Amino acid sequence: MPISATLAINQLTAAKVAAGRDVLPLGFGEAGLPVHPELVAALASAAPSGAYGPVAGLPALREAAAGYWRRRRLPTEVGQVVAGPGSKPLLYAVLRASPGAVALPRPSWVSYAAQARLLDRAVHHVPTPEGQGGVPDPDLLDAAASAARRDGHPIGSVVLTLPDNPTGTLAGAEVVRAVCEVARRHDLLVVSDEIYRDLVHDPATPFLSPSEVLPDRTVVTTGLSKSLALGGWRIGVARMPVGPLGERLAAEVASIASEVWSSPANPVQQAAAWAFTEPVVLTARIEASRLLHAAVAGAVADRFERAGAKVHRPTAAFYLYPDFTPYADLLADRWSVRAGADLAHVLLERFDVATLPGSAFGEPPERLTLRIATSMLYGEGDQRETALESVDPVRLPWIAARLDQLEAALGGLLDR
Ligand SMILES: Cc1ncc(COP(=O)(O)O)c(C=O)c1O
């Protein structure tokens, strides 16, 4: 099995930069922001804690995570919360603990399908409704679940990403409700990956978690990797369903955890416990990040739109998903591009622009889509603090220069 596409593009980009190339880093989905100093202090003061601690996480962290969800209309008992070293291994453990084939939106985050493959599970990629990434089209999910059952290999779970990576969009309440109805009818576990929930650009946007609709069959996962840029700290939490299914899943995930990672890093848990209480200094930081992500993702979307690619405006996180189908003939004639991976390759090798093709997200190879991550454009060191504080970050010289570099590259690619 190859290394995860997102981590691979990061390494390739780093190697090209080390070789002296000025690569525009639109491939890797890291939050691209410094750790808040008060979090650094919280971690430092917890550093003497060398004990493993309980498998499911420290009580203070589990209680704080329960409080985080309660403030989001999700009543949560501490026993429903399991912490892990990132939400990624928790997702893996949840899939491992729930039998059957896995239904995924198409496109969807790279690791769901890879994890299902590691578990020898069949994957059903179900296209999303237009402009509403992260959820399978309800009617198509219904058809896929019926067909899988007829074939004797029923689908056991469906994963949703709310809001979505790779498209930077959020599915509306109506479609979430319709997917939940299909999940109920076909007895599916719903896994709702809500790691970008606090990065919806307009916080007034209505957000419906499937766990509000199907509390007894929905697992919710989240973490601090994106909202507080703590990906390297490796901390995530899962909220198990209420009732017997949830109790069984919590026990199974804990037993997997006990044999694979024992417990999340103790000092990180202590700092995360504080973060999940949502102190004002950290909510202010998330607010500033959200504004920055919105401004830069919007400006990047403008460049793709102006170049003539099809793109849904990003409304969350720091991603967008342009489609170059309108240029299929030109790209084939001029660059021999016949697949999304060819397009990403030409952009990297000819124009020093790192992206990921839609095929890394479960799309058919011939689709000319790219996943663009905009969060590495904020600069280096102090520039990132300045970007966070700026009222008009796209006018900061180092960000404006990156936007110009993108515009020039797209111009060269499309011969304009
Ligand atoms: C949709 C989605 N889920 C989960 C993760 C992983 O998060 P964590 O750092 O909590 O393992 C990512 C990170 O890229 C992601 O994009």
# chains A, B, ... in the order shown; residues from 1 in each chain; ligands from 1

$ closest_atom_pairs --of "chain A" --to "ligand 1" --cutoff "7 Å" --atoms "only C-alpha atoms and all ligand atoms" --output "tab-separated table"
residue	atom	partner	partner_atom_place_in_ligand_line	distance
A:Gly29	CA	ligand 1	14 (O)	5.7
A:Glu30	CA	ligand 1	14 (O)	6.8
A:Gly86	CA	ligand 1	11 (O)	3.7
A:Ser87	CA	ligand 1	10 (O)	3.6
A:Lys88	CA	ligand 1	11 (O)	3.7
A:Pro89	CA	ligand 1	11 (O)	6.6
A:Trp109	CA	ligand 1	1 (C)	5.4
A:Thr161	CA	ligand 1	1 (C)	6.0
A:Asp164	CA	ligand 1	1 (C)	6.4
A:Asn165	CA	ligand 1	1 (C)	5.1
A:Asp193	CA	ligand 1	3 (N)	6.0
A:Ile195	CA	ligand 1	3 (N)	5.9
A:Thr222	CA	ligand 1	10 (O)	6.5
A:Gly223	CA	ligand 1	10 (O)	4.9
A:Leu224	CA	ligand 1	10 (O)	6.7
A:Ser225	CA	ligand 1	9 (O)	4.8
A:Gly231	CA	ligand 1	9 (O)	4.7
A:Arg234	CA	ligand 1	9 (O)	5.9
A:Ile235	CA	ligand 1	10 (O)	6.1
A:Gly236	CA	ligand 1	10 (O)	4.9

$ select_by_dssp --residues "region 140-321 of chain A" --states "strand (DSSP E)" --output "number ranges by chain"
A: 155-161, 189-193, 218-223, 236-239, 319-320

$ residues_around --residues "Leu396 (chain A)" --least-positions-apart "4" --cutoff "10 Å" --atoms "only C-alpha atoms" --output "mmCIF file with N, CA and C atoms, in the first residue's frame"
data_model
loop_
_atom_site.group_PDB
_atom_site.id
_atom_site.type_symbol
_atom_site.label_atom_id
_atom_site.label_comp_id
_atom_site.auth_asym_id
_atom_site.auth_seq_id
_atom_site.Cartn_x
_atom_site.Cartn_y
_atom_site.Cartn_z
ATOM 1 N N TYR A 378 0.109 31.026 3.838
ATOM 2 C CA TYR A 378 0.121 32.106 4.817
ATOM 3 C C TYR A 378 1.516 32.606 5.160
ATOM 4 N N GLY A 379 2.517 31.944 4.619
ATOM 5 C CA GLY A 379 3.886 32.408 4.835
ATOM 6 C C GLY A 379 4.619 31.577 5.866
ATOM 7 N N GLN A 383 5.197 35.784 9.625
ATOM 8 C CA GLN A 383 4.228 36.152 8.572
ATOM 9 C C GLN A 383 2.856 35.546 8.876
ATOM 10 N N THR A 386 1.058 37.636 11.375
ATOM 11 C CA THR A 386 0.588 38.859 10.705
ATOM 12 C C THR A 386 -0.648 38.551 9.866
ATOM 13 N N ALA A 387 -0.620 37.409 9.174
ATOM 14 C CA ALA A 387 -1.764 37.026 8.339
ATOM 15 C C ALA A 387 -3.009 36.839 9.204
ATOM 16 N N SER A 390 -4.405 40.240 10.125
ATOM 17 C CA SER A 390 -4.691 41.184 9.048
ATOM 18 C C SER A 390 -6.187 41.250 8.723
ATOM 19 N N VAL A 391 -6.678 42.469 8.442
ATOM 20 C CA VAL A 391 -8.079 42.586 8.024
ATOM 21 C C VAL A 391 -8.232 42.276 6.529
ATOM 22 N N ASP A 392 -7.117 42.308 5.811
ATOM 23 C CA ASP A 392 -7.184 42.032 4.369
ATOM 24 C C ASP A 392 -5.965 41.189 3.963
ATOM 25 N N ALA A 400 -0.157 37.872 -1.681
ATOM 26 C CA ALA A 400 -0.486 38.400 -3.021
ATOM 27 C C ALA A 400 0.457 37.808 -4.069
ATOM 28 N N ALA A 401 1.744 37.644 -3.697
ATOM 29 C CA ALA A 401 2.718 37.095 -4.655
ATOM 30 C C ALA A 401 2.360 35.646 -5.010
#

$ residues_around --residues "region 334-345 of chain A" --least-positions-apart "3" --cutoff "8 Å" --atoms "only C-alpha atoms" --output "list in words"
Ala328, Leu330, Leu331, Leu348, Glu349, Ala354, Thr355, Leu356, Pro357, Gly358, Ser359, Pro365, Glu366, Arg367, Leu368, Thr369 and Leu370 of chain A

$ write_last_selection --atoms "N, CA, C and O atoms" --output "short mmCIF file (atom, residue, chain, number, x, y, z; two decimals), in the first residue's frame"
data_model
loop_
_atom_site.label_atom_id
_atom_site.label_comp_id
_atom_site.auth_asym_id
_atom_site.auth_seq_id
_atom_site.Cartn_x
_atom_site.Cartn_y
_atom_site.Cartn_z
N ALA A 328 -10.81 20.07 -21.37
CA ALA A 328 -10.31 18.71 -21.63
C ALA A 328 -9.56 18.64 -22.96
O ALA A 328 -8.44 18.08 -23.02
N LEU A 330 -8.18 21.07 -24.88
CA LEU A 330 -6.95 21.87 -24.87
C LEU A 330 -5.85 21.16 -24.07
O LEU A 330 -4.69 21.09 -24.51
N LEU A 331 -6.22 20.62 -22.91
CA LEU A 331 -5.21 19.98 -22.06
C LEU A 331 -4.65 18.71 -22.72
O LEU A 331 -3.45 18.41 -22.60
N LEU A 348 2.82 20.36 -11.53
CA LEU A 348 3.98 20.32 -10.64
C LEU A 348 5.28 20.43 -11.44
O LEU A 348 6.15 21.25 -11.14
N GLU A 349 5.38 19.63 -12.50
CA GLU A 349 6.67 19.57 -13.21
C GLU A 349 6.91 20.79 -14.09
O GLU A 349 8.03 21.26 -14.20
N ALA A 354 2.02 22.48 -6.70
CA ALA A 354 1.70 21.17 -6.11
C ALA A 354 0.21 21.09 -5.79
O ALA A 354 -0.32 21.96 -5.07
N THR A 355 -0.47 20.10 -6.32
CA THR A 355 -1.90 19.87 -6.07
C THR A 355 -2.11 18.36 -5.92
O THR A 355 -1.15 17.59 -6.05
N LEU A 356 -3.33 17.96 -5.70
CA LEU A 356 -3.64 16.52 -5.72
C LEU A 356 -4.76 16.28 -6.71
O LEU A 356 -5.73 17.06 -6.76
N PRO A 357 -4.70 15.20 -7.49
CA PRO A 357 -5.79 14.90 -8.42
C PRO A 357 -6.99 14.32 -7.69
O PRO A 357 -6.85 13.70 -6.62
N GLY A 358 -8.19 14.51 -8.30
CA GLY A 358 -9.42 13.97 -7.71
C GLY A 358 -9.34 12.46 -7.52
O GLY A 358 -10.02 11.91 -6.64
N SER A 359 -8.51 11.77 -8.33
CA SER A 359 -8.43 10.31 -8.19
C SER A 359 -7.92 9.90 -6.81
O SER A 359 -8.22 8.80 -6.33
N PRO A 365 -10.14 7.96 -12.65
CA PRO A 365 -8.89 8.60 -13.07
C PRO A 365 -9.06 9.68 -14.13
O PRO A 365 -8.34 10.67 -14.13
N GLU A 366 -10.05 9.51 -15.01
CA GLU A 366 -10.16 10.47 -16.12
C GLU A 366 -10.76 11.81 -15.71
O GLU A 366 -10.69 12.79 -16.47
N ARG A 367 -11.33 11.89 -14.52
CA ARG A 367 -11.91 13.17 -14.08
C ARG A 367 -10.81 14.22 -13.92
O ARG A 367 -9.79 13.98 -13.28
N LEU A 368 -11.03 15.39 -14.47
CA LEU A 368 -9.99 16.43 -14.46
C LEU A 368 -10.21 17.38 -13.28
O LEU A 368 -10.25 18.60 -13.44
N THR A 369 -10.33 16.80 -12.10
CA THR A 369 -10.52 17.60 -10.89
C THR A 369 -9.22 17.62 -10.08
O THR A 369 -8.41 16.70 -10.15
N LEU A 370 -9.08 18.70 -9.30
CA LEU A 370 -7.91 18.83 -8.42
C LEU A 370 -8.39 19.22 -7.03
O LEU A 370 -9.32 20.02 -6.90
#

$ closest_residue --among "A:Asn10, A:Pro75, A:Ala42, A:Tyr68" --to "Thr277 (chain A)" --atoms "only C-alpha atoms"
A:Tyr68

$ residues_around --residues "Pro54 (chain A)" --least-positions-apart "3" --cutoff "10 Å" --atoms "only C-alpha atoms" --output "list in words"
Ala51, Gly57, Leu58, Pro59, Ala83, Ala254, Ser258, Ser262, Ser263, Pro264 and Asn266 of chain A
